[in-house]
>>> print(open('query.tsv').read())   # TSV, C-alpha atoms
chain	number	residue	atom	x	y	z
D	1104	MET	CA	98.55	95.91	113.31
D	1105	GLU	CA	98.23	95.13	116.96
D	1106	LEU	CA	99.64	97.29	119.73
D	1107	ASN	CA	100.31	95.23	122.85
D	1108	ILE	CA	99.64	97.38	125.92
D	1109	MET	CA	99.85	94.68	128.61
D	1110	ASP	CA	102.95	96.21	130.20
D	1111	ILE	CA	101.43	99.70	130.58
D	1112	LEU	CA	97.99	98.51	131.77
D	1113	LYS	CA	99.45	97.46	135.11
D	1114	ASN	CA	101.26	100.70	135.99
D	1115	GLU	CA	99.85	104.21	135.83
D	1116	GLY	CA	102.06	106.83	134.21
D	1117	VAL	CA	103.95	104.32	132.08
D	1118	LYS	CA	104.54	105.38	128.49
D	1119	LYS	CA	105.21	103.06	125.57
D	1120	GLN	CA	106.67	104.29	122.29
D	1121	PHE	CA	105.76	102.42	119.11
D	1122	SER	CA	106.48	102.59	115.40
D	1123	PHE	CA	104.99	100.55	112.56
D	1124	PHE	CA	105.79	100.60	108.88
D	1125	GLU	CA	102.86	98.68	107.47
D	1126	THR	CA	102.37	97.74	103.85
D	1127	MET	CA	98.67	98.35	103.33
D	1128	GLN	CA	99.06	98.55	99.57
D	1129	GLY	CA	96.14	96.89	97.91
D	1130	ASN	CA	93.85	98.14	100.67
D	1131	SER	CA	91.34	100.61	99.41
D	1132	ILE	CA	88.95	103.01	101.07
D	1133	GLU	CA	85.45	103.78	99.79
D	1134	PHE	CA	84.89	107.52	100.13
D	1135	TYR	CA	81.64	108.96	98.70
D	1136	GLY	CA	81.68	106.44	95.87
D	1137	GLU	CA	85.35	106.99	95.09
D	1138	LYS	CA	87.72	104.03	95.48
D	1139	ILE	CA	90.96	105.29	96.97
D	1140	ASN	CA	94.09	103.14	96.89
D	1141	ILE	CA	96.92	103.32	99.41
D	1142	VAL	CA	100.06	103.33	97.25
D	1143	LYS	CA	102.88	103.66	99.82
D	1144	PRO	CA	103.47	101.86	103.10
D	1145	VAL	CA	101.73	103.51	106.04
D	1146	LYS	CA	104.05	104.85	108.72
D	1147	ILE	CA	102.49	104.94	112.19
D	1148	GLU	CA	104.44	106.38	115.09
D	1149	GLY	CA	103.42	107.45	118.53
D	1150	HIS	CA	103.03	106.51	122.13
D	1151	ALA	CA	100.49	105.06	124.52
D	1152	ILE	CA	100.32	106.20	128.13
D	1153	ASN	CA	98.32	104.93	131.09
D	1154	TYR	CA	96.70	107.70	133.11
D	1155	GLU	CA	93.75	107.63	135.51
D	1156	GLY	CA	92.87	104.09	134.42
D	1157	LYS	CA	92.68	105.14	130.75
D	1158	ILE	CA	95.02	104.55	127.85
D	1159	ARG	CA	95.78	107.62	125.75
D	1160	LEU	CA	97.06	106.86	122.28
D	1161	ASP	CA	98.84	109.67	120.39
D	1162	ILE	CA	99.76	108.74	116.83
D	1163	ASN	CA	101.16	110.23	113.65
D	1164	ILE	CA	100.09	108.64	110.37
D	1165	SER	CA	101.77	109.27	107.04
D	1166	THR	CA	101.31	107.65	103.64
D	1167	GLU	CA	100.39	108.41	100.04
D	1168	ILE	CA	97.09	107.63	98.35
D	1169	GLU	CA	95.90	107.59	94.75
D	1170	ARG	CA	92.92	109.85	94.00
D	1171	THR	CA	90.91	110.88	90.96
D	1172	CYS	CA	90.70	114.61	90.21
D	1173	SER	CA	87.12	115.85	90.37
D	1174	ARG	CA	87.62	118.24	87.43
D	1175	CYS	CA	89.75	116.40	84.86
D	1176	LEU	CA	89.33	112.78	86.08
D	1177	ALA	CA	93.12	112.19	86.01
D	1178	TYR	CA	94.78	110.08	88.68
D	1179	TYR	CA	97.16	111.83	91.07
D	1180	TYR	CA	98.87	111.12	94.38
D	1181	GLU	CA	97.93	112.87	97.62
D	1182	LYS	CA	100.25	112.86	100.63
D	1183	ILE	CA	98.68	112.16	104.00
D	1184	ASP	CA	100.49	113.24	107.18
D	1185	PHE	CA	98.61	114.09	110.37
D	1186	ASP	CA	98.37	113.53	114.11
D	1187	ALA	CA	95.49	111.91	115.97
D	1188	ASP	CA	94.75	110.91	119.53
D	1189	TYR	CA	92.42	108.38	121.09
D	1190	VAL	CA	91.36	107.46	124.59
D	1191	PHE	CA	90.59	103.86	125.53
D	1192	VAL	CA	88.77	102.86	128.72
D	1193	LYS	CA	88.03	99.53	130.37
D	1194	SER	CA	84.39	100.55	130.95
D	1195	PHE	CA	82.24	103.56	130.12
D	1196	GLU	CA	80.93	104.00	133.70
D	1197	ASN	CA	83.07	106.95	134.79
D	1198	SER	CA	84.20	108.24	131.40
D	1199	LYS	CA	83.04	111.77	130.56
D	1200	GLU	CA	85.05	112.10	127.37
D	1201	ASP	CA	84.86	110.44	123.98
D	1202	ALA	CA	86.49	107.08	124.39
D	1203	TYR	CA	86.75	103.64	122.87
D	1204	LEU	CA	86.23	100.45	124.81
D	1205	LEU	CA	89.42	98.55	125.52
D	1206	LYS	CA	89.06	94.84	124.81
D	1207	GLY	CA	91.91	92.77	126.16
D	1208	ASP	CA	95.61	93.63	126.19
D	1209	THR	CA	95.92	94.86	122.61
D	1210	ILE	CA	94.64	97.71	120.49
D	1211	SER	CA	93.97	96.98	116.83
D	1212	LEU	CA	95.24	99.89	114.75
D	1213	ASP	CA	94.03	98.79	111.30
D	1214	GLU	CA	90.53	100.25	111.49
D	1215	ILE	CA	91.75	103.36	113.32
D	1216	VAL	CA	94.32	104.08	110.60
D	1217	LEU	CA	91.90	103.55	107.69
D	1218	ASP	CA	89.22	105.71	109.36
D	1219	GLU	CA	91.75	108.48	110.04
D	1220	ILE	CA	93.04	108.44	106.47
D	1221	ALA	CA	89.46	108.73	105.18
D	1222	SER	CA	88.70	111.60	107.55
D	1223	GLN	CA	91.80	113.59	106.52
D	1224	MET	CA	91.30	113.43	102.75
D	1225	THR	CA	90.18	116.52	100.88
D	1226	MET	CA	86.48	116.56	100.03
D	1227	LYS	CA	87.02	117.89	96.51
D	1228	PRO	CA	90.11	116.19	95.14
D	1229	LEU	CA	92.09	118.28	92.65
D	1230	CYS	CA	95.26	117.21	90.86
D	1231	LYS	CA	96.45	120.82	91.18
D	1232	PRO	CA	94.76	123.97	92.51
D	1233	ASN	CA	94.38	125.52	89.05
D	1234	CYS	CA	93.10	122.39	87.26
D	1235	LYS	CA	91.21	123.43	84.12
D	1236	GLY	CA	89.09	120.28	83.95
D	1237	LEU	CA	87.46	118.72	80.90
D	1238	CYS	CA	85.89	120.56	77.97
D	1239	PRO	CA	82.10	120.20	78.30
D	1240	LYS	CA	81.77	120.01	74.53
D	1241	CYS	CA	84.47	117.61	73.29
D	1242	GLY	CA	85.69	116.08	76.58
D	1243	LYS	CA	89.41	116.90	76.15
D	1244	ASN	CA	91.52	117.42	79.24
D	1245	LYS	CA	92.25	121.18	79.10
D	1246	ASN	CA	95.36	120.75	81.28
D	1247	ILE	CA	97.03	118.81	78.47
D	1248	ASP	CA	95.77	120.55	75.35
D	1249	GLU	CA	93.39	123.39	74.51
D	1250	CYS	CA	90.58	122.12	72.31
D	1251	GLY	CA	89.40	125.34	70.64
D	1252	CYS	CA	85.71	124.65	71.24
D	1253	VAL	CA	83.46	127.72	71.37
D	1254	LEU	CA	81.26	127.70	74.44
D	1255	ASP	CA	79.01	130.69	73.67
D	1256	GLU	CA	75.83	128.65	73.62
D	1257	ILE	CA	73.05	130.26	75.61
D	1258	ASP	CA	70.46	128.22	77.43
D	1259	PRO	CA	67.20	128.70	75.45
D	1260	ARG	CA	65.35	129.42	78.69
D	1261	LEU	CA	67.63	132.40	79.29
D	1262	GLN	CA	67.77	133.62	75.65
D	1263	ILE	CA	65.33	136.46	76.37
D	1264	LEU	CA	67.77	137.98	78.88
D	1265	SER	CA	70.34	138.63	76.14
D	1266	SER	CA	67.94	141.17	74.61
D	1267	PHE	CA	68.44	143.40	77.66
D	1268	LEU	CA	72.13	143.73	76.82
D	1269	GLU	CA	71.42	144.62	73.18
D	1270	LYS	CA	69.16	147.62	74.05
D	1271	ASN	CA	71.72	149.33	76.31
>>> encode(input="query.tsv", output="structure tokens")
Amino acid sequence: MELNIMDILKNEGVKKQFSFFETMQGNSIEFYGEKINIVKPVKIEGHAINYEGKIRLDINISTEIERTCSRCLAYYYEKIDFDADYVFVKSFENSKEDAYLLKGDTISLDEIVLDEIASQMTMKPLCKPNCKGLCPKCGKNKNIDECGCVLDEIDPRLQILSSFLEKN
């Protein structure tokens, strides 16, 4: 995705609206060893404005991604919808804010969008807030079926502590 900003580079105060509906399906993001697939087209809307020799880019990104639950290992879909803004400058000489270097008359949005999606994902993905996870004994998904395993095993290193409860 390329945003052509040639027309706003020449005139300060000019604002350009844009909207993309990009099929990035098949693209995946590596996030802490997890491969995350983009399953719906990415909708990017926003505007670019020229001010003080800088280009300010305000965007809204929305899509849906496929994640793996960290408790039960089931696949689920997570909706992504957020706003972001960027500042682009022709040179870093007078810039006192975080900015990206503008190269030419276009801004490539592909890397920006993928980086923003990765930064907005939850750190601990859960299929639902009350996910019960997998049984540590038999490995069954406890969200689907209770397994009946008894988990009263005490770590042998801590066995001596149970004697304190018996005396009282």
>>> closest_residue(input="query.tsv", among="D:Ile1183, D:Ile1158, D:Leu1212, D:Ile1108", to="D:Lys1143", atoms="all atoms listed in the file")
D:Ile1183
>>> residues_around(input="query.tsv", residues="D:Glu1133", least_positions_apart="2", cutoff="12 Å", atoms="all atoms listed in the file", output="MDAnalysis selection string")
chainID D and resid 1130:1131 1135:1141 1170 1217:1218 1220:1222 1224
>>> write_last_selection(input="query.tsv", atoms="C-alpha atoms", output="short mmCIF file (atom, residue, chain, number, x, y, z; two decimals), keeping the file's coordinate frame")
data_model
loop_
_atom_site.label_atom_id
_atom_site.label_comp_id
_atom_site.auth_asym_id
_atom_site.auth_seq_id
_atom_site.Cartn_x
_atom_site.Cartn_y
_atom_site.Cartn_z
CA ASN D 1130 93.85 98.14 100.67
CA SER D 1131 91.34 100.61 99.41
CA TYR D 1135 81.64 108.96 98.70
CA GLY D 1136 81.68 106.44 95.87
CA GLU D 1137 85.35 106.99 95.09
CA LYS D 1138 87.72 104.03 95.48
CA ILE D 1139 90.96 105.29 96.97
CA ASN D 1140 94.09 103.14 96.89
CA ILE D 1141 96.92 103.32 99.41
CA ARG D 1170 92.92 109.85 94.00
CA LEU D 1217 91.90 103.55 107.69
CA ASP D 1218 89.22 105.71 109.36
CA ILE D 1220 93.04 108.44 106.47
CA ALA D 1221 89.46 108.73 105.18
CA SER D 1222 88.70 111.60 107.55
CA MET D 1224 91.30 113.43 102.75
#
>>> atom_distance(input="query.tsv", atom1="atom CA of D:Ile1247", atom2="atom CA of D:Ile1168")
22.8 Å
>>> residues_around(input="query.tsv", residues="D:Tyr1154", least_positions_apart="3", cutoff="12 Å", atoms="all atoms listed in the file", output="list in words")
Ile1111, Leu1112, Lys1113, Asn1114, Glu1115, Gly1116, Val1117, Lys1118, Ala1151, Lys1157, Ile1158, Arg1159, Leu1160, Val1190, Phe1191 and Val1192 of chain D
>>> residues_around(input="query.tsv", residues="D:Cys1252", least_positions_apart="5", cutoff="10 Å", atoms="all atoms listed in the file", output="ChimeraX atom specification")
/D:1238-1241,1243
>>> closest_residue(input="query.tsv", among="D:Gln1262, D:Tyr1178, D:Lys1193, D:Lys1235", to="D:Glu1249", atoms="all atoms listed in the file")
D:Lys1235
>>> closest_residue(input="query.tsv", among="D:Asn1153, D:Thr1171, D:Thr1126, D:Asn1163", to="D:Met1226", atoms="all atoms listed in the file")
D:Thr1171
>>> residues_around(input="query.tsv", residues="D:His1150", least_positions_apart="2", cutoff="8 Å", atoms="all atoms listed in the file", output="ChimeraX atom specification")
/D:1118-1121,1148,1152,1160-1162
>>> residues_near_point(input="query.tsv", point="(95.2, 97.5, 109.6)", cutoff="9 Å", atoms="only C-alpha atoms", output="PyMOL selection string")
chain D and resi 1104-1105+1125+1127+1211-1217
>>> closest_residue(input="query.tsv", among="D:Glu1181, D:Leu1264, D:Ile1164, D:Lys1206", to="D:Lys1231", atoms="all atoms listed in the file")
D:Glu1181
>>> atom_distance(input="query.tsv", atom1="atom CA of D:Glu1219", atom2="atom CA of D:Glu1155")
25.6 Å
>>> closest_residue(input="query.tsv", among="D:Pro1232, D:Leu1204, D:Phe1123, D:Ile1132", to="D:Ser1165", atoms="only C-alpha atoms")
D:Phe1123
>>> atom_distance(input="query.tsv", atom1="atom CA of D:Gly1251", atom2="atom CA of D:Asn1233")
19.1 Å
>>> closest_residue(input="query.tsv", among="D:Ala1177, D:Leu1254, D:Ile1210, D:Leu1261", to="D:Pro1228", atoms="only C-alpha atoms")
D:Ala1177
>>> decode(input="query.tsv", residues="stretch 1218-1243 of chain D", atoms="C-alpha atoms", output="mmCIF file, in the first residue's frame")
data_model
loop_
_atom_site.group_PDB
_atom_site.id
_atom_site.type_symbol
_atom_site.label_atom_id
_atom_site.label_comp_id
_atom_site.auth_asym_id
_atom_site.auth_seq_id
_atom_site.Cartn_x
_atom_site.Cartn_y
_atom_site.Cartn_z
ATOM 1 C CA ASP D 1218 3.973 -3.121 13.165
ATOM 2 C CA GLU D 1219 0.853 -1.451 14.570
ATOM 3 C CA ILE D 1220 -1.127 -4.694 14.523
ATOM 4 C CA ALA D 1221 1.699 -6.443 16.395
ATOM 5 C CA SER D 1222 1.906 -3.646 18.965
ATOM 6 C CA GLN D 1223 -1.850 -3.703 19.679
ATOM 7 C CA MET D 1224 -2.223 -7.443 20.266
ATOM 8 C CA THR D 1225 -2.761 -8.744 23.779
ATOM 9 C CA MET D 1226 0.373 -10.144 25.415
ATOM 10 C CA LYS D 1227 -1.415 -13.148 26.899
ATOM 11 C CA PRO D 1228 -3.915 -14.342 24.323
ATOM 12 C CA LEU D 1229 -7.034 -15.961 25.784
ATOM 13 C CA CYS D 1230 -9.929 -17.419 23.807
ATOM 14 C CA LYS D 1231 -12.235 -16.122 26.557
ATOM 15 C CA PRO D 1232 -11.531 -14.413 29.890
ATOM 16 C CA ASN D 1233 -12.546 -17.461 31.942
ATOM 17 C CA CYS D 1234 -10.678 -20.080 29.867
ATOM 18 C CA LYS D 1235 -10.080 -23.172 32.016
ATOM 19 C CA GLY D 1236 -7.071 -24.370 30.022
ATOM 20 C CA LEU D 1237 -5.750 -27.915 29.695
ATOM 21 C CA CYS D 1238 -5.668 -30.576 32.399
ATOM 22 C CA PRO D 1239 -2.044 -30.939 33.530
ATOM 23 C CA LYS D 1240 -2.553 -34.669 34.035
ATOM 24 C CA CYS D 1241 -4.424 -35.960 30.959
ATOM 25 C CA GLY D 1242 -4.208 -32.934 28.620
ATOM 26 C CA LYS D 1243 -7.958 -32.574 27.946
#
